[in-house]
file final-v4.cif (mmCIF, C-alpha atoms and all ligand atoms)
data_my_file
#
loop_
_atom_site.label_atom_id
_atom_site.label_comp_id
_atom_site.auth_asym_id
_atom_site.auth_seq_id
_atom_site.Cartn_x
_atom_site.Cartn_y
_atom_site.Cartn_z
CA ARG C 14 41.31 -85.50 77.23
CA ARG C 15 43.09 -84.18 74.16
CA SER C 16 42.30 -80.66 72.97
CA PHE C 17 39.38 -79.90 70.67
CA THR C 18 40.28 -79.04 67.07
CA VAL C 19 38.06 -76.76 64.99
CA LEU C 20 38.02 -76.08 61.27
CA ALA C 21 36.57 -72.59 60.73
CA ILE C 22 35.31 -70.93 57.55
CA GLU C 23 34.61 -67.22 57.09
CA SER C 24 33.19 -65.53 53.97
CA SER C 25 31.02 -62.66 55.21
CA ALA C 26 32.57 -59.96 53.02
CA ASP C 27 35.46 -59.99 50.57
CA ASP C 28 37.96 -62.37 52.16
CA THR C 29 37.76 -66.13 51.76
CA CYS C 30 39.13 -67.49 55.03
CA ALA C 31 39.76 -70.90 56.58
CA ALA C 32 41.65 -71.80 59.73
CA VAL C 33 42.37 -74.63 62.13
CA VAL C 34 42.53 -73.76 65.83
CA THR C 35 42.62 -75.91 68.96
CA SER C 36 40.96 -75.39 72.33
CA ASP C 37 44.39 -75.07 73.93
CA LYS C 38 44.95 -71.94 71.84
CA ARG C 39 47.16 -73.30 69.10
CA ILE C 40 46.57 -71.53 65.79
CA LEU C 41 47.52 -74.31 63.39
CA SER C 42 46.68 -72.41 60.21
CA ASN C 43 45.20 -69.10 59.08
CA VAL C 44 44.44 -68.85 55.37
CA VAL C 45 43.08 -65.60 53.95
CA ILE C 46 42.49 -65.25 50.22
CA THR C 47 41.71 -61.58 49.64
CA GLN C 48 39.79 -60.13 46.75
CA LEU C 49 41.11 -56.59 47.10
CA SER C 50 42.46 -56.37 43.56
CA LEU C 51 39.12 -57.53 42.13
CA HIS C 52 37.18 -54.81 43.93
CA GLU C 53 39.58 -51.91 43.46
CA GLN C 54 37.98 -50.91 40.15
CA PHE C 55 34.59 -50.65 41.94
CA ARG C 56 36.08 -48.75 44.91
CA GLY C 57 34.11 -51.05 47.21
CA ILE C 58 32.88 -54.62 47.44
CA GLU C 59 30.90 -55.59 44.35
CA PRO C 60 28.53 -58.34 45.57
CA MET C 61 28.41 -60.64 42.54
CA THR C 62 32.17 -60.41 42.04
CA ALA C 63 32.66 -61.27 45.71
CA ILE C 64 30.32 -64.28 45.58
CA GLN C 65 32.04 -65.65 42.49
CA ALA C 66 35.48 -65.24 44.02
CA HIS C 67 34.36 -67.05 47.21
CA GLN C 68 32.99 -69.86 45.07
CA ARG C 69 36.24 -70.08 43.16
CA ASN C 70 38.56 -69.84 46.18
CA MET C 71 36.77 -71.62 49.01
CA PRO C 72 37.94 -75.17 48.18
CA THR C 73 41.54 -73.95 47.98
CA ALA C 74 41.29 -72.04 51.26
CA VAL C 75 39.94 -75.09 53.11
CA ARG C 76 42.45 -77.45 51.50
CA GLN C 77 45.34 -75.13 52.43
CA ALA C 78 44.12 -74.63 55.99
CA LEU C 79 44.13 -78.41 56.52
CA GLU C 80 47.50 -78.92 54.82
CA ILE C 81 49.29 -76.14 56.66
CA ALA C 82 47.85 -77.43 59.95
CA HIS C 83 48.92 -80.98 59.08
CA VAL C 84 45.53 -82.31 60.10
CA ASP C 85 43.40 -84.95 58.51
CA ILE C 86 39.81 -83.73 58.45
CA VAL C 87 38.31 -87.15 59.18
CA ARG C 88 40.69 -88.11 61.96
CA ASP C 89 41.77 -84.85 63.58
CA VAL C 90 39.03 -82.26 63.14
CA ASP C 91 36.47 -82.40 65.97
CA GLY C 92 34.09 -79.69 64.82
CA ILE C 93 33.36 -77.34 61.93
CA CYS C 94 32.21 -73.75 62.33
CA PHE C 95 31.39 -70.89 60.00
CA THR C 96 30.30 -67.26 60.02
CA ARG C 97 26.52 -67.28 60.14
CA GLY C 98 26.19 -63.48 59.99
CA PRO C 99 26.05 -60.56 59.86
CA GLY C 100 27.37 -59.98 56.35
CA MET C 101 26.55 -60.04 52.67
CA PRO C 102 23.99 -62.85 52.19
CA GLY C 103 25.42 -64.30 48.97
CA CYS C 104 28.92 -64.28 50.42
CA LEU C 105 27.88 -65.85 53.71
CA SER C 106 26.09 -68.66 51.89
CA VAL C 107 29.28 -69.87 50.22
CA GLY C 108 31.04 -70.49 53.56
CA MET C 109 27.90 -71.75 55.21
CA ASN C 110 27.14 -74.34 52.54
CA ALA C 111 30.71 -75.58 52.48
CA SER C 112 30.65 -75.98 56.28
CA LYS C 113 27.25 -77.59 56.51
CA THR C 114 28.03 -80.10 53.80
CA LEU C 115 31.43 -80.99 55.24
CA ALA C 116 29.96 -81.37 58.72
CA ALA C 117 27.01 -83.43 57.54
CA VAL C 118 28.97 -85.90 55.42
CA LEU C 119 31.70 -86.28 58.01
CA ASN C 120 29.20 -86.43 60.86
CA LYS C 121 30.99 -83.68 62.82
CA PRO C 122 29.30 -81.12 65.08
CA LEU C 123 28.56 -77.72 63.53
CA VAL C 124 28.43 -74.22 65.03
CA GLY C 125 27.37 -70.98 63.28
CA VAL C 126 29.22 -67.97 64.67
CA HIS C 127 28.36 -64.28 64.99
CA HIS C 128 31.02 -62.38 63.02
CA MET C 129 31.23 -59.51 65.50
CA GLN C 130 31.55 -61.87 68.47
CA GLY C 131 34.50 -63.26 66.56
CA HIS C 132 36.10 -59.82 66.37
CA ALA C 133 35.19 -59.08 70.00
CA LEU C 134 36.69 -62.28 71.44
CA THR C 135 39.87 -62.47 69.33
CA SER C 136 42.02 -60.91 72.03
CA LEU C 137 41.21 -63.76 74.42
CA LEU C 138 42.98 -66.07 72.00
CA THR C 139 45.89 -63.86 70.97
CA SER C 140 46.88 -62.06 74.20
CA SER C 141 49.72 -63.19 76.39
CA ASP C 142 48.74 -64.15 79.93
CA ALA C 143 50.04 -60.82 81.25
CA GLU C 144 47.80 -58.83 78.89
CA MET C 145 44.79 -61.14 78.93
CA PRO C 146 41.55 -59.13 79.10
CA GLN C 147 39.28 -60.09 81.97
CA PHE C 148 35.48 -59.81 81.76
CA PRO C 149 33.94 -57.30 81.87
CA PHE C 150 35.96 -55.44 79.25
CA LEU C 151 35.16 -52.77 76.70
CA THR C 152 35.51 -53.61 73.04
CA LEU C 153 35.75 -51.01 70.32
CA LEU C 154 34.90 -52.67 67.01
CA VAL C 155 35.93 -50.53 64.08
CA SER C 156 35.60 -52.14 60.67
CA GLY C 157 34.12 -51.66 57.22
CA GLY C 158 30.73 -52.79 58.45
CA HIS C 159 30.65 -51.73 62.09
CA THR C 160 31.46 -49.00 64.58
CA LEU C 161 30.50 -50.32 67.97
CA LEU C 162 31.48 -49.90 71.58
CA LEU C 163 30.53 -53.04 73.43
CA LEU C 164 30.68 -54.14 77.00
CA ALA C 165 31.75 -57.78 76.88
CA GLU C 166 30.42 -59.44 80.02
CA SER C 167 31.08 -63.06 79.04
CA ASN C 168 31.67 -65.21 75.98
CA THR C 169 28.01 -64.86 75.10
CA LYS C 170 26.86 -61.65 76.76
CA PHE C 171 27.54 -58.35 75.02
CA LYS C 172 25.90 -55.02 75.70
CA ILE C 173 25.95 -52.39 72.97
CA LEU C 174 26.92 -49.10 74.61
CA ILE C 175 27.37 -46.96 71.50
CA ASN C 176 26.51 -47.75 67.88
CA THR C 177 26.68 -45.83 64.62
CA VAL C 178 23.53 -44.06 63.47
CA ASP C 179 24.70 -44.02 59.88
CA GLN C 180 27.81 -45.42 58.26
CA ALA C 181 30.66 -47.49 59.66
CA ILE C 182 33.97 -45.71 60.13
CA GLY C 183 35.83 -48.09 57.80
CA ARG C 184 33.32 -47.53 55.02
CA VAL C 185 33.79 -43.75 55.30
CA ILE C 186 37.57 -44.13 55.42
CA ASP C 187 37.33 -46.11 52.18
CA LYS C 188 35.09 -43.48 50.58
CA VAL C 189 37.37 -40.62 51.59
CA SER C 190 40.38 -42.54 50.35
CA ALA C 191 38.56 -42.72 47.00
CA LEU C 192 37.53 -39.06 47.19
CA LEU C 193 41.20 -38.10 47.53
CA ASP C 194 42.12 -40.58 44.80
CA ILE C 195 44.76 -42.32 46.90
CA PRO C 196 46.06 -45.48 45.19
CA TRP C 197 45.41 -48.63 47.20
CA THR C 198 48.23 -50.44 48.94
CA PRO C 199 48.08 -54.25 49.04
CA LEU C 200 46.26 -53.85 52.37
CA GLY C 201 43.54 -51.70 50.82
CA PRO C 202 42.21 -48.13 50.96
CA GLY C 203 42.35 -47.64 54.75
CA ASP C 204 45.99 -48.66 54.93
CA ALA C 205 46.66 -46.50 51.86
CA LEU C 206 45.15 -43.43 53.55
CA GLU C 207 47.12 -44.04 56.75
CA LYS C 208 50.44 -44.34 54.92
CA TYR C 209 49.63 -41.42 52.61
CA CYS C 210 49.43 -38.95 55.49
CA GLN C 211 51.71 -40.55 58.08
CA ASP C 212 54.34 -37.78 57.93
CA VAL C 213 51.98 -34.80 58.16
CA GLN C 214 52.70 -32.50 61.12
CA GLU C 215 49.93 -31.67 63.60
CA SER C 216 50.40 -27.97 62.72
CA ARG C 217 49.03 -28.66 59.23
CA LEU C 218 45.65 -29.69 60.66
CA ILE C 219 42.71 -28.28 58.67
CA TYR C 220 39.54 -27.57 60.61
CA LEU C 221 36.67 -29.27 58.80
CA GLY C 222 33.87 -28.46 61.25
CA ASP C 223 32.68 -30.19 64.39
CA SER C 224 32.03 -33.89 63.90
CA ILE C 225 32.63 -35.24 67.39
CA MET C 226 29.13 -34.66 68.78
CA ARG C 227 30.70 -34.38 72.20
CA GLY C 228 28.67 -36.02 74.93
CA ARG C 229 26.26 -37.80 72.58
CA ARG C 230 26.15 -41.57 72.86
CA ASP C 231 26.20 -42.23 69.10
CA PHE C 232 28.76 -42.67 66.42
CA SER C 233 28.13 -40.87 63.13
CA PHE C 234 30.52 -40.50 60.23
CA SER C 235 28.29 -39.29 57.38
CA GLY C 236 28.67 -35.70 58.58
CA LEU C 237 32.44 -35.89 58.42
CA HIS C 238 32.20 -37.39 54.94
CA SER C 239 30.03 -34.43 53.83
CA GLN C 240 32.48 -31.98 55.42
CA MET C 241 35.24 -33.48 53.33
CA GLU C 242 33.15 -33.14 50.17
CA ARG C 243 32.25 -29.55 51.04
CA TYR C 244 35.85 -28.64 51.77
CA LEU C 245 37.03 -30.07 48.46
CA HIS C 246 34.26 -28.22 46.66
CA SER C 247 35.19 -24.94 48.39
CA GLN C 248 38.75 -25.34 47.17
CA GLY C 249 37.69 -25.86 43.58
CA GLY C 250 37.91 -29.65 43.57
CA LEU C 251 40.65 -32.21 44.11
CA GLY C 252 42.55 -31.06 41.03
CA SER C 253 43.20 -27.64 42.61
CA LEU C 254 45.02 -29.11 45.62
CA ASP C 255 48.77 -29.64 45.62
CA GLU C 256 50.16 -32.83 47.15
CA ASP C 257 50.96 -31.27 50.55
CA HIS C 258 47.49 -29.80 50.83
CA LYS C 259 45.93 -33.16 49.93
CA LYS C 260 48.05 -34.91 52.52
CA ALA C 261 47.08 -32.37 55.18
CA LEU C 262 43.45 -32.92 54.28
CA ALA C 263 43.77 -36.71 54.55
CA TYR C 264 45.47 -36.28 57.91
CA SER C 265 42.75 -33.90 59.14
CA PHE C 266 40.03 -36.35 58.14
CA GLN C 267 41.73 -39.20 59.98
CA SER C 268 42.30 -37.02 63.00
CA SER C 269 38.63 -35.92 63.16
CA ALA C 270 37.38 -39.48 62.78
CA PHE C 271 39.64 -40.70 65.57
CA ALA C 272 38.74 -37.74 67.82
CA GLN C 273 35.17 -38.99 67.71
CA LEU C 274 36.29 -42.49 68.70
CA GLU C 275 38.24 -41.02 71.62
CA ASP C 276 35.24 -39.03 72.83
CA LYS C 277 33.00 -42.11 72.76
CA VAL C 278 35.55 -44.30 74.52
CA HIS C 279 35.70 -41.66 77.21
CA LEU C 280 31.88 -41.57 77.46
CA ALA C 281 31.64 -45.35 77.65
CA LEU C 282 34.25 -45.52 80.42
CA LYS C 283 32.36 -42.85 82.34
CA TRP C 284 29.07 -44.65 81.87
CA CYS C 285 30.58 -47.89 83.15
CA GLU C 286 31.86 -46.13 86.26
CA SER C 287 28.42 -44.61 86.85
CA GLN C 288 27.06 -48.16 86.86
CA SER C 289 29.85 -49.35 89.16
CA ILE C 290 31.25 -51.48 86.37
CA TYR C 291 35.01 -51.30 86.52
CA VAL C 292 36.48 -52.38 83.25
CA ASN C 293 40.17 -53.09 83.26
CA HIS C 294 40.72 -53.40 79.55
CA LEU C 295 39.81 -51.71 76.31
CA VAL C 296 40.12 -54.14 73.41
CA VAL C 297 40.23 -52.55 69.97
CA SER C 298 39.44 -54.78 67.01
CA GLY C 299 38.23 -54.76 63.40
CA GLY C 300 40.15 -53.67 60.30
CA VAL C 301 40.57 -50.03 61.38
CA ALA C 302 42.33 -51.19 64.56
CA SER C 303 45.39 -51.97 62.46
CA ASN C 304 45.91 -48.19 62.13
CA GLN C 305 49.06 -47.29 64.08
CA TYR C 306 48.09 -43.65 64.50
CA LEU C 307 44.78 -44.72 66.09
CA ARG C 308 46.71 -46.98 68.45
CA ARG C 309 48.81 -44.06 69.68
CA ARG C 310 45.80 -41.78 70.07
CA LEU C 311 43.81 -44.32 72.07
CA ALA C 312 46.75 -45.06 74.34
CA THR C 313 46.83 -41.39 75.33
CA CYS C 314 43.06 -41.24 75.62
CA VAL C 315 42.87 -44.17 78.03
CA LYS C 316 45.76 -42.87 80.14
CA GLU C 317 44.14 -39.43 80.38
CA PHE C 318 40.81 -40.92 81.46
CA ASP C 319 42.33 -42.08 84.70
CA PRO C 320 46.10 -41.80 85.17
CA ASP C 321 45.89 -43.83 88.40
CA ARG C 322 43.90 -46.71 87.08
CA ASP C 323 45.96 -48.67 84.65
CA ILE C 324 43.32 -49.51 82.04
CA GLY C 325 44.98 -51.97 79.69
CA LEU C 326 44.75 -51.26 76.00
CA VAL C 327 44.74 -54.42 73.91
CA PHE C 328 45.14 -54.63 70.14
CA PRO C 329 45.16 -58.06 68.60
CA PRO C 330 47.93 -58.42 65.97
CA PRO C 331 46.75 -56.75 62.71
CA LYS C 332 46.32 -60.04 60.87
CA TYR C 333 43.72 -61.06 63.47
CA CYS C 334 42.08 -57.60 63.45
CA THR C 335 40.97 -57.82 59.84
CA ASP C 336 38.63 -60.56 58.74
CA ASN C 337 39.96 -64.05 59.37
CA ALA C 338 38.68 -67.50 60.30
CA VAL C 339 40.85 -67.85 63.41
CA MET C 340 38.58 -65.49 65.32
CA ILE C 341 35.54 -67.44 64.12
CA ALA C 342 37.12 -70.65 65.37
CA TRP C 343 37.79 -69.15 68.77
CA ALA C 344 34.27 -67.69 69.10
CA SER C 345 32.85 -71.16 68.42
CA MET C 346 35.05 -72.95 70.94
CA HIS C 347 32.98 -72.38 74.09
CA ARG C 348 29.94 -73.74 72.27
CA PHE C 349 31.71 -76.87 71.05
CA LEU C 350 33.06 -77.49 74.53
CA ALA C 351 29.54 -77.12 75.97
CA GLN C 352 28.22 -79.39 73.18
CA ASP C 353 25.92 -76.57 72.13
CA TYR C 354 25.75 -77.34 68.41
CA ASP C 355 23.63 -76.08 65.51
CA ASP C 356 21.85 -78.54 63.29
CA TYR C 357 22.86 -79.11 59.70
CA GLY C 358 19.86 -77.17 58.43
CA VAL C 359 20.84 -73.95 60.22
CA ASP C 360 20.11 -70.78 58.21
CA LEU C 361 22.24 -67.68 57.81
CA ARG C 362 21.57 -64.36 59.50
CA ALA C 363 22.66 -61.58 57.15
CA LYS C 364 21.38 -59.07 59.69
CA TRP C 365 22.01 -60.22 63.24
CA SER C 366 22.31 -58.03 66.30
CA ILE C 367 25.06 -59.05 68.69
O1 LIG C 401 37.41 -55.98 59.80
P1 LIG C 401 37.60 -55.73 58.36
O2 LIG C 401 38.76 -56.39 57.68
O3 LIG C 401 36.35 -56.14 57.55
C1 LIG C 401 35.05 -55.86 57.94
O4 LIG C 401 34.59 -54.76 57.58
O5 LIG C 401 34.44 -56.71 58.63
O6 LIG C 401 37.70 -54.15 58.18
C2 LIG C 401 37.90 -53.57 56.93
C3 LIG C 401 37.99 -52.06 57.09
C4 LIG C 401 38.08 -51.33 55.76
O7 LIG C 401 37.18 -50.25 55.75
C5 LIG C 401 39.52 -50.87 55.71
O8 LIG C 401 39.72 -49.72 54.94
C6 LIG C 401 39.80 -50.61 57.16
O9 LIG C 401 39.17 -51.70 57.82
N1 LIG C 401 41.24 -50.57 57.42
C7 LIG C 401 41.89 -49.50 57.90
C8 LIG C 401 43.26 -49.84 57.95
N2 LIG C 401 43.39 -51.13 57.51
C9 LIG C 401 42.13 -51.56 57.19
N3 LIG C 401 41.45 -48.28 58.27
C10 LIG C 401 42.35 -47.40 58.72
N4 LIG C 401 43.68 -47.66 58.81
C11 LIG C 401 44.17 -48.85 58.43
N5 LIG C 401 45.48 -49.09 58.51
ZN ZN C 402 34.97 -58.03 60.09
#

call {"tool": "encode", "arguments": {"input": "final-v4.cif", "output": "structure tokens", "more": "lines below"}}
Ligand code: KG4
Ligand code: ZN
result
Amino acid sequence: RRSFTVLAIESSADDTCAAVVTSDKRILSNVVITQLSLHEQFRGIEPMTAIQAHQRNMPTAVRQALEIAHVDIVRDVDGICFTRGPGMPGCLSVGMNASKTLAAVLNKPLVGVHHMQGHALTSLLTSSDAEMPQFPFLTLLVSGGHTLLLLAESNTKFKILINTVDQAIGRVIDKVSALLDIPWTPLGPGDALEKYCQDVQESRLIYLGDSIMRGRRDFSFSGLHSQMERYLHSQGGLGSLDEDHKKALAYSFQSSAFAQLEDKVHLALKWCESQSIYVNHLVVSGGVASNQYLRRRLATCVKEFDPDRDIGLVFPPPKYCTDNAVMIAWASMHRFLAQDYDDYGVDLRAKWSI
């Protein structure tokens, strides 16, 4: 039997994405039309602007995904999938309606995918055989909407080990990037913050207060955000800081945020051992996973946890860490292959636990 070819559509936040992927792991196209420049003036995603941009760009994204893949939708595409949730309702509906209509008129099977399962399973598509994560593995999802440590037990079974009690790490990174008035790079505020402080020496670290909550099985980043605001206030505001001081502050924020991630990874690994669950891989995904400094810190963290046990650290390539439709395609594949389809009237799930 020839491989199964999926057309995937993702529009849960501010990227309009379409991709064509096959069941034998060929990524035939990966189109991402970002809206970053539209949202910069709002310093965040402005819902109506995002919806309108999806509406404007979706036909182009789908058209390009098919053209780049050199597939004919009638002849070559076996199934159509889309992000059903979680995400911004108006944004999700653009991708969902495009997918449902295409699937219905072409009489193709349809699958609605959980966005976070997409992030969590990406590495199974993108890893080489030597680095391929084996179930059960730990997944750290760090994005603009989520901060989650998951135990992935199978394609469909995920256990939330640690979740955020307030804001997602990416959201706070974006806010702090705005607080420090760092100009966006083409990859956005998180990338801008990383590059802004990449040359700061460890000796310049500013102590902002404790924000790790050592030993607690929660993520929380609102406290760190407040500490940043308080520190700036205590110094007489952003205008009173010279460039070096500002850079040191940006670095210290990043370092504190990542120290919390390290502590929770450590806790999750310990918890797994206490349950006799021996995970061999930590997969780090979501937009924040493209941060190179985080990658180095986690590599050390995992090695220190158990120098004898070689826990593999897996980062999907950055373009598959941020929002994309390739991961949605891959997360739908096991359902298409099991002929577990959704019907054409399927609704969206703006809030949807994994
Ligand atoms: O996964 P993603 O593209 O979208 C969702 O939120 O689902 O993640 C976006 C988040 C943003 O908050 C962005 O600032 C952050 O990922 N991000 C980064 C970096 N690149 C993107 N954070 C830190 N360092 C980066 N290099
Ligand atoms: Zn995402």

call {"tool": "residues_around", "arguments": {"input": "final-v4.cif", "residues": "C:Ala165", "least_positions_apart": "6", "cutoff": "8 Å", "atoms": "all atoms listed in the file", "output": "PyMOL selection string"}}
result
chain C and resi 133+148-152+171-172

call {"tool": "residues_near_ligand", "arguments": {"input": "final-v4.cif", "ligand": "ligand LIG 401 (chain C)", "cutoff": "7 Å", "atoms": "all atoms listed in the file", "output": "PyMOL selection string"}}
result
chain C and resi 26+156-159+183-184+186-187+200-204+206-207+299-305+334-336

call {"tool": "residues_around", "arguments": {"input": "final-v4.cif", "residues": "C:Asn168", "least_positions_apart": "6", "cutoff": "10 Å", "atoms": "all atoms listed in the file", "output": "list in words"}}
result
Gln130, Ala133, Leu134, Leu137, Phe148, Ala344, Ser345, Met346, His347 and Arg348 of chain C

call {"tool": "atom_distance", "arguments": {"input": "final-v4.cif", "atom1": "atom CA of C:Ile93", "atom2": "atom CA of C:Leu79"}}
result
12.1 Å

call {"tool": "closest_residue", "arguments": {"input": "final-v4.cif", "among": "C:Leu20, C:Cys210, C:Ala261, C:Cys30", "to": "ligand ZN 402 (chain C)", "atoms": "all atoms listed in the file"}}
result
C:Cys30

call {"tool": "atom_distance", "arguments": {"input": "final-v4.cif", "atom1": "atom CA of C:Ser24", "atom2": "atom CA of C:Thr47"}}
result
10.3 Å

call {"tool": "closest_residue", "arguments": {"input": "final-v4.cif", "among": "C:His127, C:Lys259, C:Arg76, C:Arg69", "to": "ligand ZN 402 (chain C)", "atoms": "only C-alpha atoms and all ligand atoms"}}
result
C:His127

call {"tool": "residues_around", "arguments": {"input": "final-v4.cif", "residues": "stretch 15-19 of chain C", "least_positions_apart": "2", "cutoff": "9 Å", "atoms": "only C-alpha atoms", "output": "PyMOL selection string"}}
result
chain C and resi 21+32-37+89-94+342-343+345-346+349-350

call {"tool": "atom_distance", "arguments": {"input": "final-v4.cif", "atom1": "atom CA of C:Gly358", "atom2": "atom CA of C:Gly125"}}
result
10.9 Å

call {"tool": "residues_around", "arguments": {"input": "final-v4.cif", "residues": "stretch 285-297 of chain C", "least_positions_apart": "4", "cutoff": "9 Å", "atoms": "all atoms listed in the file", "output": "mmCIF file with C-alpha atoms, keeping the file's coordinate frame"}}
result
data_model
loop_
_atom_site.group_PDB
_atom_site.id
_atom_site.type_symbol
_atom_site.label_atom_id
_atom_site.label_comp_id
_atom_site.auth_asym_id
_atom_site.auth_seq_id
_atom_site.Cartn_x
_atom_site.Cartn_y
_atom_site.Cartn_z
ATOM 1 C CA ALA C 133 35.190 -59.080 70.000
ATOM 2 C CA SER C 136 42.020 -60.910 72.030
ATOM 3 C CA GLU C 144 47.800 -58.830 78.890
ATOM 4 C CA MET C 145 44.790 -61.140 78.930
ATOM 5 C CA PRO C 146 41.550 -59.130 79.100
ATOM 6 C CA GLN C 147 39.280 -60.090 81.970
ATOM 7 C CA PHE C 148 35.480 -59.810 81.760
ATOM 8 C CA PRO C 149 33.940 -57.300 81.870
ATOM 9 C CA PHE C 150 35.960 -55.440 79.250
ATOM 10 C CA LEU C 151 35.160 -52.770 76.700
ATOM 11 C CA THR C 152 35.510 -53.610 73.040
ATOM 12 C CA LEU C 153 35.750 -51.010 70.320
ATOM 13 C CA LEU C 154 34.900 -52.670 67.010
ATOM 14 C CA VAL C 155 35.930 -50.530 64.080
ATOM 15 C CA LEU C 164 30.680 -54.140 77.000
ATOM 16 C CA VAL C 278 35.550 -44.300 74.520
ATOM 17 C CA LEU C 280 31.880 -41.570 77.460
ATOM 18 C CA ALA C 281 31.640 -45.350 77.650
ATOM 19 C CA VAL C 301 40.570 -50.030 61.380
ATOM 20 C CA ALA C 302 42.330 -51.190 64.560
ATOM 21 C CA ARG C 308 46.710 -46.980 68.450
ATOM 22 C CA VAL C 315 42.870 -44.170 78.030
ATOM 23 C CA ARG C 322 43.900 -46.710 87.080
ATOM 24 C CA ASP C 323 45.960 -48.670 84.650
ATOM 25 C CA ILE C 324 43.320 -49.510 82.040
ATOM 26 C CA GLY C 325 44.980 -51.970 79.690
ATOM 27 C CA LEU C 326 44.750 -51.260 76.000
ATOM 28 C CA VAL C 327 44.740 -54.420 73.910
ATOM 29 C CA PHE C 328 45.140 -54.630 70.140
ATOM 30 C CA PRO C 329 45.160 -58.060 68.600
ATOM 31 C CA CYS C 334 42.080 -57.600 63.450
#
